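Participant: Would you mind keeping the following structure in view while I ask a few things?
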Amino acid sequence: MTYDKHIFISYSHLDNQALTPEQDGWVSRFHESLQNVLTMRMGRPAKIWRDKKLCGNDCFAEEIVAQFPTTEILISVLSQCYVASQWCQREVEEFCKRAGEIRVGNKYRIIKVIKLPPDNFGPLPAFMNEMLGYDFFKYEDPEQLRNPLELDLDFPDLKALYYRRLCKMADDVIDVIKKLESSPTDVQSVPQVTPSRPPVFLALCSWDRREARDVLETELRPHGYPILPDRQLPTEETDFVAEVSRLLAQSRLAVHLVGGFPGFVPDGPSRKAAVVLQNELAIALAKKNGLRRVIWLPQGTVSQDPEQNRFIEALQRDADAQFAAELITGDVEALKAAVYRALQSIEKSATQPIREADENDGQLIYLICDAKDRDAVLPLRKLLRSKGFETKIPLFEGDAASIDRAKKEMLTQCQTALVFYGKGDEAWKHSIDSDLQKSRGYRAGKDQLIKFTYLSEPTTTEKTEMIELGELNLVNGLGGFSETTANTLLEMLQARVRRAA
């Protein structure tokens, strides 16, 4: 098929009424903005057309649909007026009939631009309800989803968001155009190319994190990272869980943006918000196949909703809720840096040859201590070396990224972790326990990391309670380093090596 037009804009004439005599209508200005952005990004003139509908009625014109077979994409400017218009309904129907195959790979040749959210999609094709759209509005009352306001270039506080949404949509439009023009004889013959970059599951979020999600998606897409979900998620809980699980299984990284509001709640028995369900499902995938995760919870985030506030507190304190995730509490730039860091790590690991298991791996111990205990662990390290064990301690100097990378490498490489609990306080111990919990997400295909704890001076209430509660794999060295405690630890470590052999 030979195409002579890139885009037809389908809209209701009622959505293009000028607010003042000096101003063009919303659709006219959208048309001009899209024309300019696409022309710059494609490096050639964008061919966009629409019916000017100057007559102001809905008499359908056959000369319009006659051009659909040679038009690549239809953009529907959705609103309640659009859904109610028989003219607009027929434009979509006729494009579906005359344009041939309306899907190219995993993308549709019909694109939804939502000027104002309609009550429902009425008689429009069912797939338009399932596909993702591009919201060109924002709610003045986002908590209650009331008072939608069109994004408009005449409003300075909305201009940046308008252009972000426009550029995001333009990238997807260009992707469809390239695929269509790469196979001019048969749309269905466009090959499905396995993405060369790791797919990213960008979790649904509440309205107060939507702008940050848009920023992140707009940054990742041009770099070739496939973004999921790539279509509207189901509203029924059972279907929602099934679809999110399927998409997470295709992803290498899941990014969760958590705000002060619960956001969308799928209809189902648990009544859990989508943000909570997505976190639970991502944890399950992290335990199963090592899915990497990033959670963005800006410092000071609280909620008036009791369930959402419990979720926020769990993410801050519960290692299970953070499983296999890097928790980011800084600004959007800190989030972007963490996402790129995780993706670089994933891509690097994909290009490195898999190291064969070494019979001495069981002899390598990650001896975790506070920097203040570096001298105190020397006798223990010397003893372990004399018995054939190699020890590695944390990296204490360097930038935060290097320290974190070294920690993850050790948690991945070693089979045994020995926590030397001496001068570190309870907060330090809690952070170490959290890191050890997360390590299960780094060790896909490997045995679980075995943890031992060596208690050293000073004596504290928490250490005493650990002894009294009989914590597993615990060595009491509060009386100072001695032959007895050393032998106890050695017997436990040697038993661990024998079991692993």
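FYI, nothing fancy with the structure tokens labels: chains A, B, ... in order, residues from 1 per chain, ligands from 1 as they appear.
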I'd like the contact shell of Ala486 of chain A - 9 Å cut-off, only C-alpha atoms, skipping same-chain residues fewer than 4 positions apart - returned as a PyMOL selection string.

Facilitator: chain A and resi 380+383-384+475+477+481-482+490-491

Participant: Would you export the selected residues with C-alpha atoms as a CSV table (one decimal), in the first residue's frame, please?

Facilitator:
```csv
chain,number,residue,atom,x,y,z
A,380,LEU,CA,38.0,-12.9,63.2
A,383,LEU,CA,41.1,-16.9,62.1
A,384,LEU,CA,38.7,-17.5,59.2
A,475,VAL,CA,27.1,-16.5,67.9
A,477,GLY,CA,30.7,-12.8,71.4
A,481,PHE,CA,36.7,-12.5,71.2
A,482,SER,CA,37.6,-16.0,72.5
A,490,LEU,CA,33.8,-22.2,62.7
A,491,GLU,CA,31.7,-25.2,63.3
```

Participant: Which residues are close to segment 284-295 of chain A, i.e. within 8 Å by only C-alpha atoms, leaving aside same-chain residues fewer than 6 positions away? Reply as a list in words.

Facilitator: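 Those residues are Ser245, Leu248, Ala249, Ser251, Arg252, Leu253, Ala254, Val255, His256, Leu257, Val258, Gln322, Phe323, Ala324, Ala325, Glu326, Leu327, Ile328, Ala338, Val339, Ala342, Arg440, Gly441, Tyr442, Arg443, Ala444 and Gly445 of chain A.
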
Participant: Atom CA of Cys205 of chain A and atom CA of Val302 of chain A, how far apart in Å?

Facilitator: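 Atom-to-atom, atom CA of Val302 of chain A to atom CA of Cys205 of chain A, that is 15.0 Å.
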
Participant: What's the 8 Å shell around segment 460-473 of chain A, counting only C-alpha atoms, without same-chain residues fewer than 3 positions away, as a list in words?

Facilitator: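 Final neighbour list, sorted by chain and number: Glu426, Lys451, Phe452, Thr453, Leu455, Asn476 and Met492 of chain A.
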
Participant: Just to be explicit: take each residue in the selection above, keep N, CA and C atoms, and write the result as a PDB file, in the first residue's frame.

Facilitator:
```pdb
ATOM      1  N   GLU A 426      20.880   0.222  66.165  1.00  0.00           N
ATOM      2  CA  GLU A 426      19.734  -0.559  65.688  1.00  0.00           C
ATOM      3  C   GLU A 426      19.333  -0.167  64.266  1.00  0.00           C
ATOM      4  N   LYS A 451      22.599 -16.441  56.306  1.00  0.00           N
ATOM      5  CA  LYS A 451      23.043 -15.359  57.195  1.00  0.00           C
ATOM      6  C   LYS A 451      23.452 -15.913  58.566  1.00  0.00           C
ATOM      7  N   PHE A 452      24.625 -15.465  59.046  1.00  0.00           N
ATOM      8  CA  PHE A 452      25.087 -15.713  60.411  1.00  0.00           C
ATOM      9  C   PHE A 452      25.287 -14.360  61.089  1.00  0.00           C
ATOM     10  N   THR A 453      25.103 -14.336  62.398  1.00  0.00           N
ATOM     11  CA  THR A 453      25.282 -13.087  63.139  1.00  0.00           C
ATOM     12  C   THR A 453      26.265 -13.314  64.278  1.00  0.00           C
ATOM     13  N   LEU A 455      27.622 -11.439  67.542  1.00  0.00           N
ATOM     14  CA  LEU A 455      27.403 -10.313  68.441  1.00  0.00           C
ATOM     15  C   LEU A 455      28.713  -9.926  69.118  1.00  0.00           C
ATOM     16  N   ASN A 476      27.281 -15.656  70.219  1.00  0.00           N
ATOM     17  CA  ASN A 476      27.363 -14.641  71.270  1.00  0.00           C
ATOM     18  C   ASN A 476      28.822 -14.344  71.590  1.00  0.00           C
ATOM     19  N   MET A 492      29.787 -23.834  62.775  1.00  0.00           N
ATOM     20  CA  MET A 492      28.571 -23.483  62.035  1.00  0.00           C
ATOM     21  C   MET A 492      28.876 -23.234  60.559  1.00  0.00           C
TER      22      MET A 492
END
```

Participant: When DSSP is applied to the backbone of this structure, which of segment 77-205 of chain A are assigned strand (DSSP E or B)? Write them out as a VMD selection string.

Facilitator: chain A and resid 77 to 78 103 to 104 107 to 108 110 to 114 133 to 135 137 to 141 146 to 150 200 to 202

Participant: May I have the selected residues written with N, CA and C atoms, as a PDB file, in the first residue's frame?

Facilitator:
```pdb
ATOM      1  N   VAL A  77      -9.961  12.883  18.519  1.00  0.00           N
ATOM      2  CA  VAL A  77      -9.926  13.854  19.621  1.00  0.00           C
ATOM      3  C   VAL A  77     -11.185  13.602  20.450  1.00  0.00           C
ATOM      4  N   LEU A  78     -11.016  12.845  21.519  1.00  0.00           N
ATOM      5  CA  LEU A  78     -12.173  12.343  22.265  1.00  0.00           C
ATOM      6  C   LEU A  78     -12.710  13.356  23.271  1.00  0.00           C
ATOM      7  N   ARG A 103      -3.711  -2.678  13.009  1.00  0.00           N
ATOM      8  CA  ARG A 103      -2.625  -2.859  13.972  1.00  0.00           C
ATOM      9  C   ARG A 103      -1.319  -3.053  13.232  1.00  0.00           C
ATOM     10  N   VAL A 104      -0.286  -2.431  13.772  1.00  0.00           N
ATOM     11  CA  VAL A 104       1.070  -2.619  13.264  1.00  0.00           C
ATOM     12  C   VAL A 104       1.900  -3.094  14.444  1.00  0.00           C
ATOM     13  N   LYS A 107       0.953  -1.923  18.087  1.00  0.00           N
ATOM     14  CA  LYS A 107       0.384  -0.577  18.122  1.00  0.00           C
ATOM     15  C   LYS A 107      -0.784  -0.463  17.150  1.00  0.00           C
ATOM     16  N   TYR A 108      -1.726   0.392  17.514  1.00  0.00           N
ATOM     17  CA  TYR A 108      -2.886   0.651  16.657  1.00  0.00           C
ATOM     18  C   TYR A 108      -2.626   1.830  15.736  1.00  0.00           C
ATOM     19  N   ILE A 110      -5.074   3.748  15.071  1.00  0.00           N
ATOM     20  CA  ILE A 110      -6.004   4.743  15.618  1.00  0.00           C
ATOM     21  C   ILE A 110      -5.458   5.176  16.973  1.00  0.00           C
ATOM     22  N   ILE A 111      -5.349   6.472  17.169  1.00  0.00           N
ATOM     23  CA  ILE A 111      -4.756   7.017  18.394  1.00  0.00           C
ATOM     24  C   ILE A 111      -5.778   7.897  19.093  1.00  0.00           C
ATOM     25  N   LYS A 112      -5.889   7.712  20.409  1.00  0.00           N
ATOM     26  CA  LYS A 112      -6.840   8.484  21.213  1.00  0.00           C
ATOM     27  C   LYS A 112      -6.154   9.706  21.817  1.00  0.00           C
ATOM     28  N   VAL A 113      -6.641  10.873  21.475  1.00  0.00           N
ATOM     29  CA  VAL A 113      -6.261  12.104  22.170  1.00  0.00           C
ATOM     30  C   VAL A 113      -7.482  12.517  22.986  1.00  0.00           C
ATOM     31  N   ILE A 114      -7.354  12.476  24.288  1.00  0.00           N
ATOM     32  CA  ILE A 114      -8.508  12.733  25.150  1.00  0.00           C
ATOM     33  C   ILE A 114      -8.483  14.200  25.566  1.00  0.00           C
ATOM     34  N   GLY A 133      -4.565   5.954  25.831  1.00  0.00           N
ATOM     35  CA  GLY A 133      -4.751   7.229  25.166  1.00  0.00           C
ATOM     36  C   GLY A 133      -3.767   8.258  25.688  1.00  0.00           C
ATOM     37  N   TYR A 134      -3.883   9.461  25.192  1.00  0.00           N
ATOM     38  CA  TYR A 134      -3.013  10.554  25.599  1.00  0.00           C
ATOM     39  C   TYR A 134      -3.900  11.643  26.187  1.00  0.00           C
ATOM     40  N   ASP A 135      -3.792  11.825  27.486  1.00  0.00           N
ATOM     41  CA  ASP A 135      -4.651  12.772  28.195  1.00  0.00           C
ATOM     42  C   ASP A 135      -4.168  14.198  27.955  1.00  0.00           C
ATOM     43  N   PHE A 137      -5.706  16.802  29.234  1.00  0.00           N
ATOM     44  CA  PHE A 137      -6.470  17.512  30.257  1.00  0.00           C
ATOM     45  C   PHE A 137      -5.879  17.166  31.608  1.00  0.00           C
ATOM     46  N   LYS A 138      -6.232  17.946  32.603  1.00  0.00           N
ATOM     47  CA  LYS A 138      -5.893  17.608  33.987  1.00  0.00           C
ATOM     48  C   LYS A 138      -7.061  18.032  34.857  1.00  0.00           C
ATOM     49  N   TYR A 139      -7.208  17.337  35.981  1.00  0.00           N
ATOM     50  CA  TYR A 139      -8.302  17.647  36.891  1.00  0.00           C
ATOM     51  C   TYR A 139      -7.903  18.770  37.846  1.00  0.00           C
ATOM     52  N   GLU A 140      -8.791  19.742  38.007  1.00  0.00           N
ATOM     53  CA  GLU A 140      -8.553  20.768  39.029  1.00  0.00           C
ATOM     54  C   GLU A 140      -8.745  20.183  40.423  1.00  0.00           C
ATOM     55  N   ASP A 141      -9.597  19.163  40.512  1.00  0.00           N
ATOM     56  CA  ASP A 141      -9.787  18.433  41.765  1.00  0.00           C
ATOM     57  C   ASP A 141      -9.417  16.977  41.496  1.00  0.00           C
ATOM     58  N   ARG A 146     -12.645  15.515  39.492  1.00  0.00           N
ATOM     59  CA  ARG A 146     -13.673  16.471  39.101  1.00  0.00           C
ATOM     60  C   ARG A 146     -13.034  17.684  38.434  1.00  0.00           C
ATOM     61  N   ASN A 147     -13.850  18.399  37.671  1.00  0.00           N
ATOM     62  CA  ASN A 147     -13.451  19.640  37.013  1.00  0.00           C
ATOM     63  C   ASN A 147     -12.264  19.454  36.064  1.00  0.00           C
ATOM     64  N   PRO A 148     -12.421  18.631  35.009  1.00  0.00           N
ATOM     65  CA  PRO A 148     -11.333  18.472  34.040  1.00  0.00           C
ATOM     66  C   PRO A 148     -11.117  19.761  33.256  1.00  0.00           C
ATOM     67  N   LEU A 149      -9.857  20.088  33.016  1.00  0.00           N
ATOM     68  CA  LEU A 149      -9.487  21.300  32.309  1.00  0.00           C
ATOM     69  C   LEU A 149      -8.567  20.937  31.154  1.00  0.00           C
ATOM     70  N   GLU A 150      -8.927  21.365  29.928  1.00  0.00           N
ATOM     71  CA  GLU A 150      -8.102  21.057  28.767  1.00  0.00           C
ATOM     72  C   GLU A 150      -6.715  21.684  28.916  1.00  0.00           C
ATOM     73  N   VAL A 200      10.545  -2.100  30.452  1.00  0.00           N
ATOM     74  CA  VAL A 200      10.335  -1.499  31.771  1.00  0.00           C
ATOM     75  C   VAL A 200       8.846  -1.479  32.068  1.00  0.00           C
ATOM     76  N   PHE A 201       8.472  -2.045  33.220  1.00  0.00           N
ATOM     77  CA  PHE A 201       7.080  -1.943  33.678  1.00  0.00           C
ATOM     78  C   PHE A 201       6.977  -0.674  34.514  1.00  0.00           C
ATOM     79  N   LEU A 202       6.285   0.317  33.972  1.00  0.00           N
ATOM     80  CA  LEU A 202       6.102   1.596  34.653  1.00  0.00           C
ATOM     81  C   LEU A 202       4.715   1.553  35.295  1.00  0.00           C
TER      82      LEU A 202
END
```

Participant: Mind pulling up the distance from atom CA of Glu390 of chain A to atom CA of Thr484 of chain A?

Facilitator: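 That distance, rounded to one decimal, is 20.8 Å.
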
Participant: Please, what distance in Å, to one decimal, runs between atom CA of Phe121 of chain A and atom CA of Phe136 of chain A?

Facilitator: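 Going from atom CA of Phe121 of chain A over to atom CA of Phe136 of chain A, I get 16.9 Å.
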
Participant: If you run DSSP over the backbone, which residues in segment 96-272 of chain A end up helix (DSSP H, G or I)? Put them as an MDAnalysis selection string.

Facilitator: chainID A and resid 96:98 127:130 156:182 187:189 207:223 237:250

Participant: If you count only C-alpha atoms, which residues fall within 8 Å of segment 24-33 of chain A, apart from same-chain ones fewer than 3 positions away, as a ChimeraX atom specification?

Facilitator: /A:9,11,15-19,21,36-37,48,77,152

Participant: Restricting the calculation to only C-alpha atoms: of A:Ser431, A:Thr235, A:Ser439, A:Thr39, which residue gets closest to Thr412 of chain A?

Facilitator: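 Counting only C-alpha atoms, the residue closest to Thr412 of chain A is A:Ser439.
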
Participant: Do you know which residues are at most 10 Å from Ala66 of chain A counting only C-alpha atoms, after dropping those on the same chain fewer than 6 positions away, and could you put them as a list in words?

Facilitator: Glu94, Phe95, Arg98 and Ala99 of chain A
